[in-house]
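Have a look at model.txt; it's compact mmCIF, C-alpha atoms:
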```txt
# COMPACT_ATOMS: atom_id res chain seq x y z
CA MET Q 248 85.51 100.30 84.62
CA GLN Q 249 87.78 100.47 87.68
CA ASN Q 250 89.85 103.62 88.20
CA PHE Q 251 93.44 103.06 89.30
CA ILE Q 252 95.73 105.95 90.27
CA PHE Q 253 99.41 105.05 90.02
CA ILE Q 254 101.69 107.42 91.95
CA SER Q 255 105.13 108.00 90.38
CA PRO Q 256 104.68 105.47 87.55
CA ASN Q 257 107.98 106.56 85.99
CA PHE Q 258 110.21 105.42 88.87
CA PRO Q 259 111.65 102.88 89.08
CA THR Q 260 111.95 102.88 85.32
CA ASN Q 261 110.54 99.35 84.97
CA TYR Q 262 107.26 100.16 86.75
CA TRP Q 263 105.52 101.15 83.53
CA GLN Q 264 104.97 97.42 83.14
CA PHE Q 265 102.55 97.43 86.08
CA CYS Q 266 100.59 100.15 84.28
CA ARG Q 267 100.64 98.28 80.97
CA GLU Q 268 99.17 95.14 82.50
CA LEU Q 269 96.50 97.10 84.37
CA LYS Q 270 95.45 98.81 81.16
CA ASN Q 271 95.49 95.51 79.27
CA ASN Q 272 93.07 94.21 81.92
CA GLY Q 273 90.63 97.03 81.18
CA LEU Q 274 91.36 99.41 84.05
CA ASN Q 275 91.43 103.17 83.67
CA VAL Q 276 95.08 103.89 84.60
CA LEU Q 277 95.74 107.43 85.83
CA GLY Q 278 99.31 108.54 86.59
CA ILE Q 279 100.51 111.27 88.95
CA GLY Q 280 104.18 112.22 88.81
CA ASP Q 281 106.65 115.08 88.78
CA GLN Q 282 108.33 114.27 85.45
CA PRO Q 283 107.13 116.29 82.43
CA TYR Q 284 104.82 114.25 80.24
CA GLU Q 285 106.99 114.70 77.15
CA GLU Q 286 109.92 113.09 79.03
CA LEU Q 287 108.03 109.92 79.97
CA LYS Q 288 109.04 106.70 78.23
CA PRO Q 289 106.83 105.98 75.22
CA GLU Q 290 105.89 102.65 76.79
CA LEU Q 291 104.61 104.44 79.89
CA LYS Q 292 102.66 107.01 77.89
CA ALA Q 293 100.95 104.16 76.04
CA SER Q 294 100.10 102.48 79.36
CA LEU Q 295 98.31 105.48 80.91
CA ASN Q 296 94.85 106.81 80.14
CA GLU Q 297 95.83 110.20 81.57
CA TYR Q 298 98.78 111.77 83.39
CA TYR Q 299 98.75 114.65 85.86
CA LYS Q 300 102.08 116.39 86.42
CA VAL Q 301 102.78 117.98 89.80
CA ASN Q 302 105.75 120.19 90.57
CA SER Q 303 106.73 117.96 93.51
CA LEU Q 304 105.42 114.65 94.80
CA GLU Q 305 106.67 115.81 98.22
CA ASN Q 306 103.95 118.50 98.23
CA TYR Q 307 100.87 116.78 99.65
CA ASP Q 308 98.50 119.57 98.66
CA GLU Q 309 99.55 119.30 95.03
CA VAL Q 310 99.11 115.53 94.94
CA TYR Q 311 95.80 115.84 96.81
CA ARG Q 312 94.53 118.24 94.14
CA ALA Q 313 95.60 115.81 91.42
CA VAL Q 314 93.61 112.99 93.03
CA ALA Q 315 90.64 115.35 93.46
CA PHE Q 316 90.82 116.25 89.76
CA PHE Q 317 90.79 112.59 88.70
CA THR Q 318 87.92 111.89 91.12
CA PHE Q 319 85.89 114.76 89.64
CA LYS Q 320 86.61 113.67 86.07
CA TYR Q 321 86.36 109.88 86.34
CA GLY Q 322 84.30 109.24 89.47
CA ARG Q 323 85.16 107.06 92.46
CA ILE Q 324 88.79 105.90 92.65
CA ASP Q 325 89.00 102.16 93.26
CA TRP Q 326 92.76 101.82 93.75
CA LEU Q 327 95.68 104.12 94.56
CA GLU Q 328 99.19 102.71 94.66
CA SER Q 329 102.85 103.48 94.01
CA ASN Q 330 104.39 100.06 94.83
CA ASN Q 331 107.22 102.19 96.22
CA GLU Q 332 108.54 102.17 99.80
CA TYR Q 333 109.21 105.90 99.77
CA TRP Q 334 105.57 106.76 99.12
CA LEU Q 335 103.81 104.17 101.33
CA GLU Q 336 102.75 106.71 103.95
CA ARG Q 337 101.71 109.20 101.27
CA ASP Q 338 99.65 106.51 99.52
CA ALA Q 339 97.93 105.63 102.82
CA ALA Q 340 97.14 109.27 103.59
CA LEU Q 341 95.56 109.77 100.17
CA ARG Q 342 93.52 106.57 100.49
CA THR Q 343 92.32 107.69 103.90
CA ASP Q 344 91.40 111.20 102.76
CA PHE Q 345 89.56 109.96 99.66
CA HIS Q 346 87.97 106.88 101.29
CA ILE Q 347 89.77 104.43 99.00
CA THR Q 348 89.42 101.20 101.01
CA SER Q 349 91.38 98.79 98.80
CA GLY Q 350 94.73 99.37 100.56
CA PHE Q 351 96.43 100.33 103.81
CA GLN Q 352 95.14 103.40 105.63
CA THR Q 353 97.06 105.91 107.76
CA SER Q 354 96.13 103.95 110.90
CA ASP Q 355 97.94 100.89 109.48
CA MET Q 356 101.26 102.65 109.01
CA PRO Q 357 102.93 102.14 112.43
CA ARG Q 358 103.05 98.34 112.21
CA ILE Q 359 104.31 98.28 108.62
CA LYS Q 360 106.72 101.25 108.65
CA TYR Q 361 108.29 101.31 112.13
CA LYS Q 362 110.81 98.56 112.73
CA SER Q 363 110.11 98.54 116.47
CA LYS Q 364 106.36 98.02 115.86
CA MET Q 365 106.94 95.20 113.35
CA LYS Q 366 108.44 92.97 116.03
CA GLU Q 367 105.13 92.47 117.85
CA TYR Q 368 103.47 91.13 114.70
CA TYR Q 369 106.42 88.90 113.83
CA GLN Q 370 106.28 87.47 117.34
CA LYS Q 371 102.52 86.84 117.00
CA ALA Q 372 103.41 84.82 113.90
CA GLY Q 373 105.86 82.75 115.96
CA ILE Q 374 108.96 84.18 114.27
CA ALA Q 375 112.00 85.08 116.38
CA THR Q 376 113.23 88.69 116.42
CA ALA Q 377 116.46 90.38 117.46
CA ARG Q 378 116.42 92.18 120.81
CA TYR Q 379 116.24 95.95 120.52
CA HIS Q 380 116.47 99.27 122.34
CA MET Q 381 115.19 102.67 121.25
CA VAL Q 382 118.25 104.93 121.14
CA ASP Q 383 118.29 107.45 123.98
CA ASP Q 384 121.53 108.46 125.71
CA PHE Q 385 124.91 106.81 126.20
CA ALA Q 386 123.95 105.25 129.53
CA GLY Q 387 120.76 103.72 128.16
CA CYS Q 388 122.47 102.37 125.04
CA LYS Q 389 125.41 101.04 127.07
CA ALA Q 390 123.01 99.17 129.36
CA PHE Q 391 121.52 97.47 126.28
CA VAL Q 392 124.99 96.64 124.94
CA ALA Q 393 125.79 95.06 128.31
CA GLN Q 394 122.95 92.61 127.63
CA VAL Q 395 123.66 91.75 124.00
CA GLY Q 396 127.32 92.66 123.46
CA TYR Q 397 128.98 94.44 120.55
CA PRO Q 398 128.51 94.78 117.65
CA VAL Q 399 125.06 96.38 117.51
CA VAL Q 400 123.23 97.89 114.54
CA VAL Q 401 121.47 101.26 114.66
CA LYS Q 402 119.13 102.66 112.01
CA PRO Q 403 116.11 104.95 111.73
CA ASP Q 404 113.02 103.29 113.19
CA ASN Q 405 111.13 104.50 110.13
CA GLY Q 406 113.65 104.26 107.30
CA VAL Q 407 113.93 103.12 103.71
CA GLY Q 408 116.30 100.27 102.85
CA ALA Q 409 119.76 100.39 104.45
CA SER Q 410 120.05 104.18 104.41
CA ASP Q 411 121.68 105.68 107.52
CA THR Q 412 122.38 102.23 109.00
CA HIS Q 413 125.44 101.88 111.25
CA ARG Q 414 127.29 98.93 112.77
CA LEU Q 415 128.83 99.92 116.10
CA SER Q 416 131.59 97.80 117.61
CA SER Q 417 132.89 99.86 120.55
CA ASP Q 418 132.03 102.54 123.11
CA LYS Q 419 133.98 105.02 120.99
CA GLU Q 420 131.84 104.27 117.93
CA LEU Q 421 128.70 104.53 120.05
CA GLU Q 422 129.76 107.97 121.29
CA GLU Q 423 130.54 109.06 117.73
CA PHE Q 424 127.12 107.87 116.52
CA LEU Q 425 125.28 109.69 119.32
CA ALA Q 426 127.17 112.89 118.47
CA TYR Q 427 126.28 112.44 114.78
CA LYS Q 428 122.61 111.86 115.63
CA GLU Q 429 122.46 114.92 117.87
CA LYS Q 430 124.03 117.12 115.21
CA GLU Q 431 122.43 115.79 112.03
CA HIS Q 432 119.15 114.12 113.04
CA PRO Q 433 118.10 115.20 116.54
CA ASP Q 434 114.41 114.54 115.87
CA VAL Q 435 114.78 111.13 114.20
CA ALA Q 436 114.00 108.04 116.29
CA TYR Q 437 116.65 105.32 115.92
CA ILE Q 438 116.39 101.68 116.86
CA MET Q 439 119.39 99.70 118.17
CA GLU Q 440 119.41 95.93 117.63
CA GLU Q 441 121.69 93.10 118.55
CA PHE Q 442 123.82 91.98 115.62
CA VAL Q 443 122.62 88.85 113.83
CA HIS Q 444 125.19 86.64 112.13
CA ALA Q 445 123.22 85.78 109.04
CA GLU Q 446 122.49 86.17 105.36
CA VAL Q 447 119.26 87.81 104.23
CA ASN Q 448 116.56 85.62 102.68
CA SER Q 449 113.37 87.15 101.35
CA TYR Q 450 109.79 86.08 100.77
CA ASP Q 451 108.42 87.81 97.69
CA ALA Q 452 104.74 87.21 97.05
CA ILE Q 453 101.58 88.54 95.48
CA ILE Q 454 98.72 88.34 97.96
CA ASP Q 455 95.03 88.32 96.99
CA ALA Q 456 92.08 90.09 98.62
CA HIS Q 457 91.61 87.19 101.05
CA GLY Q 458 95.21 87.27 102.29
CA ASN Q 459 96.30 84.20 100.33
CA PRO Q 460 99.40 84.04 98.11
CA ILE Q 461 98.83 83.53 94.40
CA PHE Q 462 102.55 83.69 93.59
CA GLU Q 463 105.67 83.14 95.73
CA ALA Q 464 109.43 83.44 95.19
CA GLY Q 465 112.44 84.59 97.18
CA ASN Q 466 115.94 85.97 96.99
CA VAL Q 467 119.18 85.60 98.91
CA SER Q 468 121.61 88.42 99.74
CA PRO Q 469 124.91 86.84 100.86
CA VAL Q 470 126.41 90.30 101.49
CA SER Q 471 124.39 92.75 103.59
CA ILE Q 472 123.03 95.90 101.96
CA MET Q 473 124.37 97.79 104.99
CA ASP Q 474 127.92 96.70 104.15
CA ILE Q 475 127.49 97.40 100.43
CA VAL Q 476 126.33 100.96 101.12
CA ASN Q 477 128.77 101.75 103.92
CA ASN Q 478 131.82 100.15 102.29
CA ASP Q 479 131.07 101.21 98.70
CA ASP Q 480 131.21 97.54 97.70
CA ASN Q 481 129.99 95.66 94.67
CA SER Q 482 126.49 94.24 95.04
CA ILE Q 483 125.23 90.70 94.62
CA TYR Q 484 121.99 88.88 95.27
CA TYR Q 485 120.04 86.21 93.47
CA ILE Q 486 116.54 84.80 93.04
CA ILE Q 487 116.71 81.33 94.48
CA LYS Q 488 115.70 78.49 92.18
CA ASP Q 489 113.25 76.98 94.67
CA LEU Q 490 111.85 78.75 97.73
CA PRO Q 491 112.82 76.91 100.96
CA GLU Q 492 109.80 75.60 102.85
CA ASP Q 493 110.72 77.38 106.10
CA THR Q 494 110.93 80.72 104.26
CA ARG Q 495 107.54 80.01 102.67
CA ALA Q 496 106.01 79.12 106.04
CA ALA Q 497 107.45 82.22 107.74
CA GLY Q 498 106.30 84.46 104.90
CA ARG Q 499 102.75 83.10 104.95
CA ALA Q 500 102.55 83.42 108.74
CA ALA Q 501 103.74 87.04 108.55
CA VAL Q 502 101.17 87.82 105.83
CA LYS Q 503 98.39 86.68 108.17
CA SER Q 504 99.82 88.45 111.22
CA PHE Q 505 100.25 91.80 109.44
CA GLY Q 506 96.86 91.57 107.74
CA VAL Q 507 98.15 91.83 104.18
CA LYS Q 508 95.61 91.86 101.36
CA SER Q 509 95.79 92.76 97.65
CA ARG Q 510 99.50 93.53 97.64
CA PHE Q 511 102.89 92.61 96.22
CA VAL Q 512 105.15 92.16 99.29
CA HIS Q 513 108.85 91.75 100.05
CA PHE Q 514 109.49 90.34 103.54
CA GLU Q 515 113.09 90.10 104.70
CA PHE Q 516 114.34 87.42 107.07
CA PHE Q 517 117.71 86.60 108.51
CA ARG Q 518 118.92 83.03 108.04
CA MET Q 519 121.39 82.55 110.85
CA THR Q 520 124.88 81.44 109.84
CA GLU Q 521 125.83 80.50 113.40
CA ASP Q 522 124.09 79.69 116.69
CA GLN Q 523 122.97 82.67 118.79
CA THR Q 524 121.52 81.91 122.20
CA SER Q 525 118.88 84.67 122.14
CA MET Q 526 117.47 83.63 118.75
CA GLY Q 527 118.23 80.03 117.96
CA LYS Q 528 120.35 77.69 115.91
CA LYS Q 529 122.31 78.07 112.70
CA GLY Q 530 119.94 77.91 109.73
CA GLN Q 531 116.95 79.26 111.63
CA ILE Q 532 114.77 82.03 110.23
CA VAL Q 533 114.73 85.30 112.21
CA ALA Q 534 112.61 88.35 111.35
CA LEU Q 535 114.28 91.39 109.80
CA GLU Q 536 111.56 93.67 108.40
CA VAL Q 537 108.45 93.75 106.23
CA ASN Q 538 108.19 95.78 103.05
CA MET Q 539 104.68 96.22 101.72
CA ARG Q 540 105.77 96.62 98.11
CA PRO Q 541 107.74 94.68 95.49
CA CYS Q 542 111.43 94.09 96.09
CA GLY Q 543 113.28 97.16 94.84
CA GLY Q 544 114.96 98.01 91.58
CA PHE Q 545 114.82 95.42 88.83
CA THR Q 546 113.97 92.46 91.06
CA PRO Q 547 110.47 91.97 89.57
CA ASP Q 548 112.14 91.40 86.19
CA MET Q 549 114.60 89.00 87.81
CA ILE Q 550 111.71 87.03 89.30
CA ASP Q 551 110.20 86.83 85.81
CA PHE Q 552 113.46 85.42 84.44
CA ALA Q 553 113.80 82.97 87.35
CA ARG Q 554 110.24 81.63 87.03
CA SER Q 555 109.61 82.02 83.30
CA THR Q 556 106.53 84.14 84.02
CA ASN Q 557 105.29 87.75 84.28
CA VAL Q 558 104.76 89.04 87.83
CA TYR Q 559 103.57 92.41 86.50
CA LYS Q 560 100.64 90.60 84.90
CA ILE Q 561 100.05 88.35 87.93
CA TRP Q 562 99.79 91.46 90.12
CA ALA Q 563 97.52 93.27 87.65
CA ASP Q 564 95.34 90.15 87.34
CA MET Q 565 95.00 90.09 91.13
CA ILE Q 566 93.88 93.74 91.05
CA ALA Q 567 91.42 93.30 88.18
CA PHE Q 568 90.10 89.77 88.69
CA GLY Q 569 91.19 88.62 92.15
CA GLY Q 570 93.41 85.86 90.74
CA THR Q 571 95.43 84.85 87.70
CA ASP Q 572 95.86 82.12 85.12
CA MET Q 573 99.37 83.32 84.18
CA PRO Q 574 101.55 80.21 83.94
CA VAL Q 575 104.84 79.75 85.80
CA GLY Q 576 107.44 77.85 83.79
CA GLU Q 577 110.88 76.37 84.33
CA HIS Q 578 112.78 77.58 87.39
CA TYR Q 579 116.29 79.06 87.30
CA TYR Q 580 118.72 80.89 89.52
CA CYS Q 581 118.68 84.54 88.50
CA ALA Q 582 121.85 86.36 89.56
CA PHE Q 583 122.34 90.09 89.95
CA ALA Q 584 125.86 91.54 90.00
CA GLY Q 585 126.35 95.27 90.46
CA ARG Q 586 129.86 96.50 89.69
CA ARG Q 587 131.08 99.63 91.44
CA ASP Q 588 132.78 102.27 89.29
CA GLY Q 589 136.44 102.91 90.08
CA LYS Q 590 137.41 99.32 90.79
CA SER Q 591 139.94 97.45 88.64
CA PHE Q 592 138.19 94.38 87.24
CA VAL Q 593 139.94 91.44 85.60
CA TYR Q 594 137.33 90.98 82.86
CA SER Q 595 136.13 93.82 80.67
CA HIS Q 596 132.48 94.42 79.91
CA GLU Q 597 133.02 93.10 76.39
CA GLN Q 598 134.66 89.91 77.63
CA LEU Q 599 131.82 89.22 80.04
CA MET Q 600 129.20 89.82 77.36
CA GLN Q 601 130.93 87.41 75.03
CA LYS Q 602 131.38 84.66 77.63
CA TYR Q 603 127.85 84.90 79.08
CA GLN Q 604 125.89 86.01 76.03
CA ASP Q 605 123.50 83.04 76.31
CA ASN Q 606 122.81 83.73 80.01
CA MET Q 607 122.50 87.52 80.12
CA ARG Q 608 118.97 88.86 80.59
CA MET Q 609 119.58 92.51 81.54
CA VAL Q 610 122.66 94.71 81.20
CA ASP Q 611 122.44 98.39 82.01
CA ARG Q 612 123.66 101.33 84.04
CA ILE Q 613 121.97 101.61 87.42
CA PRO Q 614 120.05 104.85 88.15
CA GLU Q 615 121.86 107.15 90.56
CA ALA Q 616 119.03 106.87 93.10
CA LEU Q 617 119.63 103.11 93.38
CA SER Q 618 123.41 102.97 92.94
CA GLY Q 619 124.26 103.23 96.65
CA ALA Q 620 122.83 99.78 97.33
CA MET Q 621 123.21 98.25 93.86
CA GLY Q 622 126.44 99.48 92.29
CA ASN Q 623 126.80 101.36 89.01
CA GLN Q 624 126.81 98.73 86.26
CA MET Q 625 124.45 95.78 86.48
CA TYR Q 626 124.50 92.32 84.98
CA VAL Q 627 121.51 90.00 85.38
CA ALA Q 628 121.85 86.41 84.18
CA THR Q 629 120.08 83.07 84.62
CA PHE Q 630 121.58 79.66 85.34
CA SER Q 631 120.26 76.15 85.79
CA THR Q 632 122.77 75.23 88.51
CA ARG Q 633 124.32 76.97 91.48
CA ASP Q 634 127.83 76.05 90.28
CA GLU Q 635 127.25 77.98 87.05
CA MET Q 636 126.01 80.98 89.01
CA GLU Q 637 129.03 80.94 91.33
CA LYS Q 638 131.38 80.91 88.33
CA PHE Q 639 129.53 83.91 86.91
CA TYR Q 640 129.95 85.87 90.15
CA SER Q 641 133.61 84.92 90.31
CA ASP Q 642 134.21 86.25 86.79
CA VAL Q 643 132.11 89.43 87.00
CA LEU Q 644 133.60 90.58 90.30
CA ALA Q 645 137.19 89.40 89.92
CA VAL Q 646 139.55 92.32 90.64
CA THR Q 647 143.23 92.98 90.08
CA ASP Q 648 144.42 95.14 92.99
CA ALA Q 649 145.24 93.74 96.43
CA THR Q 650 142.70 95.78 98.43
CA ASN Q 651 139.76 94.71 96.33
CA ALA Q 652 141.14 91.18 96.10
CA LYS Q 653 140.65 90.88 99.87
CA VAL Q 654 136.99 91.77 99.43
CA GLN Q 655 136.74 89.28 96.59
CA ALA Q 656 138.18 86.55 98.82
CA GLU Q 657 135.49 87.25 101.42
CA LEU Q 658 132.81 87.09 98.73
CA THR Q 659 134.13 83.76 97.49
CA LYS Q 660 133.98 82.42 101.04
CA VAL Q 661 130.36 83.52 101.38
CA LEU Q 662 129.31 81.94 98.08
CA ALA Q 663 131.02 78.71 99.09
CA LEU Q 664 128.40 78.29 101.84
CA GLY Q 665 126.18 76.60 99.27
CA GLU Q 666 122.40 76.26 99.47
CA PRO Q 667 120.70 77.73 102.53
CA GLU Q 668 120.94 75.37 105.47
CA THR Q 669 117.31 75.43 106.47
CA VAL Q 670 115.52 74.44 109.63
CA LYS Q 671 112.38 72.39 109.11
CA ALA Q 672 109.32 74.61 109.39
CA GLU Q 673 106.90 73.98 112.25
CA LYS Q 674 103.49 72.71 111.17
```
Take the structure in the file and give it back as structure tokens.
Amino acid sequence: MQNFIFISPNFPTNYWQFCRELKNNGLNVLGIGDQPYEELKPELKASLNEYYKVNSLENYDEVYRAVAFFTFKYGRIDWLESNNEYWLERDAALRTDFHITSGFQTSDMPRIKYKSKMKEYYQKAGIATARYHMVDDFAGCKAFVAQVGYPVVVKPDNGVGASDTHRLSSDKELEEFLAYKEKEHPDVAYIMEEFVHAEVNSYDAIIDAHGNPIFEAGNVSPVSIMDIVNNDDNSIYYIIKDLPEDTRAAGRAAVKSFGVKSRFVHFEFFRMTEDQTSMGKKGQIVALEVNMRPCGGFTPDMIDFARSTNVYKIWADMIAFGGTDMPVGEHYYCAFAGRRDGKSFVYSHEQLMQKYQDNMRMVDRIPEALSGAMGNQMYVATFSTRDEMEKFYSDVLAVTDATNAKVQAELTKVLALGEPETVKAEK
């Protein structure tokens, strides 16, 4: 029997499903987390063979002792995983220390966690990247701006999601950012990149032990996560009905370049919405960043709804058997809309539920830890056509006051762009 340690199996709240499918496949599933056992969801308890509570997952010594205990009790650990961006480096350190060779080691971390290091591997895959500069002083940053022009985007070189990401449009804003960095984060390395006029397209895939995809999908984010977080906006993104061939080709090339094996991945690309001399033509794919874990929040469930399948099982089958016979059924658009508390919406929750009762797949409050990027109240629904999905977004996010109406008008304009205008992938 294979031993699988799952780090933080209780968060996100839907990740118990990974554990369930592993256990159903005959693995010994061992959880390590900081939530008291009696507070775990019943479904998670039933999906674990044993659970070890630590006071803090941030305390490496505590987690190390938990892994050592499971090793002593059950023998060699075959797999250790969290499927969570926040713990990727911790996972790698534990694998390295306990000689668990089925996943990334500490030596692999720079190329998959540091945005500046990712660019080399994207370029090896033949995928364009935005020009960048490691933030130093005003003179150095200004020299870079002289090359690429404002606006520029700055963010931690090793960061999670869109946290602490800033769009700078003037020398004054640059000076303010440098003062903020010096005061709040003097030891954090920031990367500055030229601004890309684009929407975000993703490649979401489950990769087997030979580096080949056994399942592929993708999502589109018409509004940037950076803007959602910084402007306290509503959130929208959707699983696309059919993955564009150039996204598929770019994703597969990146998988090979980064040396991905036995993982669920979420690779983010820009799809340019206008020509930019340094990167290419409108519609072209440009690298953003790799994420060596599933797309965040409830996206795995959305992929299930969009493909009439079970990606939790596909992933667990890959772990246990190397492949899967899980069928993929009819394809749909699966739309996520995250409403922000405090805004005046035209349609009440009850009205939306009545109108879209046949389409709704998930309706819930969003956990506080995810609300910055995803809003406070979520609606997930499936549609056979893009027109139906656009009408849904229009209704869910329609607002009554003038300030929010301006934002709504911008959103409507973005959605009106239609299907991604793709560039034919190179053979």
Nearby residues (all atoms listed in the file) at most 7 Å from segment 562-568 of chain Q, same-chain spacing under 5 positions excluded, as a PyMOL selection string: chain Q and resi 265+268-269+272+453+455+509+511
Selection to disk with C-alpha atoms, as a tab-separated table (two decimals), in the frame of the given file:
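Contents of the output file selection_25.tsv:
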```tsv
chain	number	residue	atom	x	y	z
Q	265	PHE	CA	102.55	97.43	86.08
Q	268	GLU	CA	99.17	95.14	82.50
Q	269	LEU	CA	96.50	97.10	84.37
Q	272	ASN	CA	93.07	94.21	81.92
Q	453	ILE	CA	101.58	88.54	95.48
Q	455	ASP	CA	95.03	88.32	96.99
Q	509	SER	CA	95.79	92.76	97.65
Q	511	PHE	CA	102.89	92.61	96.22
```
Which residues of segment 425-451 of chain Q have any atom within 7 Å of an atom in segment 371-383 of chain Q when counting only C-alpha atoms, and what is the closest pair of atoms for each, with the distance in Å to one decimal? Order the rows by chain and rising number and write it as a Markdown table.
```
| residue | atom | partner | partner_atom | distance |
| --- | --- | --- | --- | --- |
| Q:Tyr437 | CA | Q:Val382 | CA | 5.5 |
| Q:Ile438 | CA | Q:Met381 | CA | 4.7 |
| Q:Met439 | CA | Q:His380 | CA | 5.1 |
| Q:Glu440 | CA | Q:Tyr379 | CA | 4.3 |
| Q:Glu441 | CA | Q:Arg378 | CA | 5.8 |
```
Show which residues sit within 12 Å of Ala582 of chain Q, as a compact mmCIF listing (two decimals) with C-alpha atoms, in the frame of the given file. Count all atoms listed in the file, and ignore same-chain residues fewer than 5 positions away.
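Writing the result to result39.txt gives the following:
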```txt
# COMPACT_ATOMS: atom_id res chain seq x y z
CA ASN Q 466 115.94 85.97 96.99
CA VAL Q 467 119.18 85.60 98.91
CA SER Q 468 121.61 88.42 99.74
CA PRO Q 469 124.91 86.84 100.86
CA SER Q 482 126.49 94.24 95.04
CA ILE Q 483 125.23 90.70 94.62
CA TYR Q 484 121.99 88.88 95.27
CA TYR Q 485 120.04 86.21 93.47
CA ILE Q 486 116.54 84.80 93.04
CA ILE Q 487 116.71 81.33 94.48
CA LYS Q 488 115.70 78.49 92.18
CA PHE Q 545 114.82 95.42 88.83
CA THR Q 546 113.97 92.46 91.06
CA ASP Q 548 112.14 91.40 86.19
CA MET Q 549 114.60 89.00 87.81
CA ILE Q 550 111.71 87.03 89.30
CA PHE Q 552 113.46 85.42 84.44
CA ALA Q 553 113.80 82.97 87.35
CA ASN Q 606 122.81 83.73 80.01
CA MET Q 607 122.50 87.52 80.12
CA ARG Q 608 118.97 88.86 80.59
CA MET Q 609 119.58 92.51 81.54
CA VAL Q 610 122.66 94.71 81.20
CA MET Q 625 124.45 95.78 86.48
CA TYR Q 626 124.50 92.32 84.98
CA VAL Q 627 121.51 90.00 85.38
CA ALA Q 628 121.85 86.41 84.18
CA THR Q 629 120.08 83.07 84.62
CA PHE Q 630 121.58 79.66 85.34
CA SER Q 631 120.26 76.15 85.79
CA THR Q 632 122.77 75.23 88.51
CA ARG Q 633 124.32 76.97 91.48
CA ASP Q 634 127.83 76.05 90.28
CA GLU Q 635 127.25 77.98 87.05
CA MET Q 636 126.01 80.98 89.01
CA GLU Q 637 129.03 80.94 91.33
CA LYS Q 638 131.38 80.91 88.33
CA PHE Q 639 129.53 83.91 86.91
CA TYR Q 640 129.95 85.87 90.15
CA SER Q 641 133.61 84.92 90.31
CA VAL Q 643 132.11 89.43 87.00
```
Top pick for closest residue to Asp572 of chain Q, considering Q:Tyr603, Q:Phe514, Q:Tyr311, Q:Phe462 and counting only C-alpha atoms: Q:Phe462
Test item: axis-aligned box, all listed atoms of segment 591-610 of chain Q, 6 Å on each side, centre and edges in Å rounded to one decimal, as AutoDock Vina command-line options:
```
--center_x 129.5 --center_y 90.2 --center_z 81.8 --size_x 33.0 --size_y 26.4 --size_z 25.6
```
Interatomic distance (Å, one decimal) between atom CA of Asp325 of chain Q and atom CA of Met356 of chain Q: 20.0 Å
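Residue nearest Gly619 of chain Q within the list Q:Lys292, Q:Arg586, Q:His346, Q:Arg518: Q:Arg586 [criterion: smallest interatomic distance, only C-alpha atoms].
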Closest of Q:Asp411, Q:Asp480, Q:Glu420, Q:Glu446 to Pro398 of chain Q - atom-to-atom distances counting all atoms listed in the file: Q:Glu420
Among listed residues Q:Ser417, Q:Gly589, Q:Lys320, Q:Phe251, nearest Phe385 of chain Q (using all atoms listed in the file):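 Once distances to Phe385 of chain Q are computed over all atoms listed in the file, the minimum belongs to Q:Ser417.
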Distance of atom CA of Tyr333 of chain Q from atom CA of Ser349 of chain Q, expressed in Å to one decimal place: 19.2 Å
Point-to-point distance from atom CA of Arg554 of chain Q to atom CA of His578 of chain Q, Å rounded to tenths: 4.8 Å
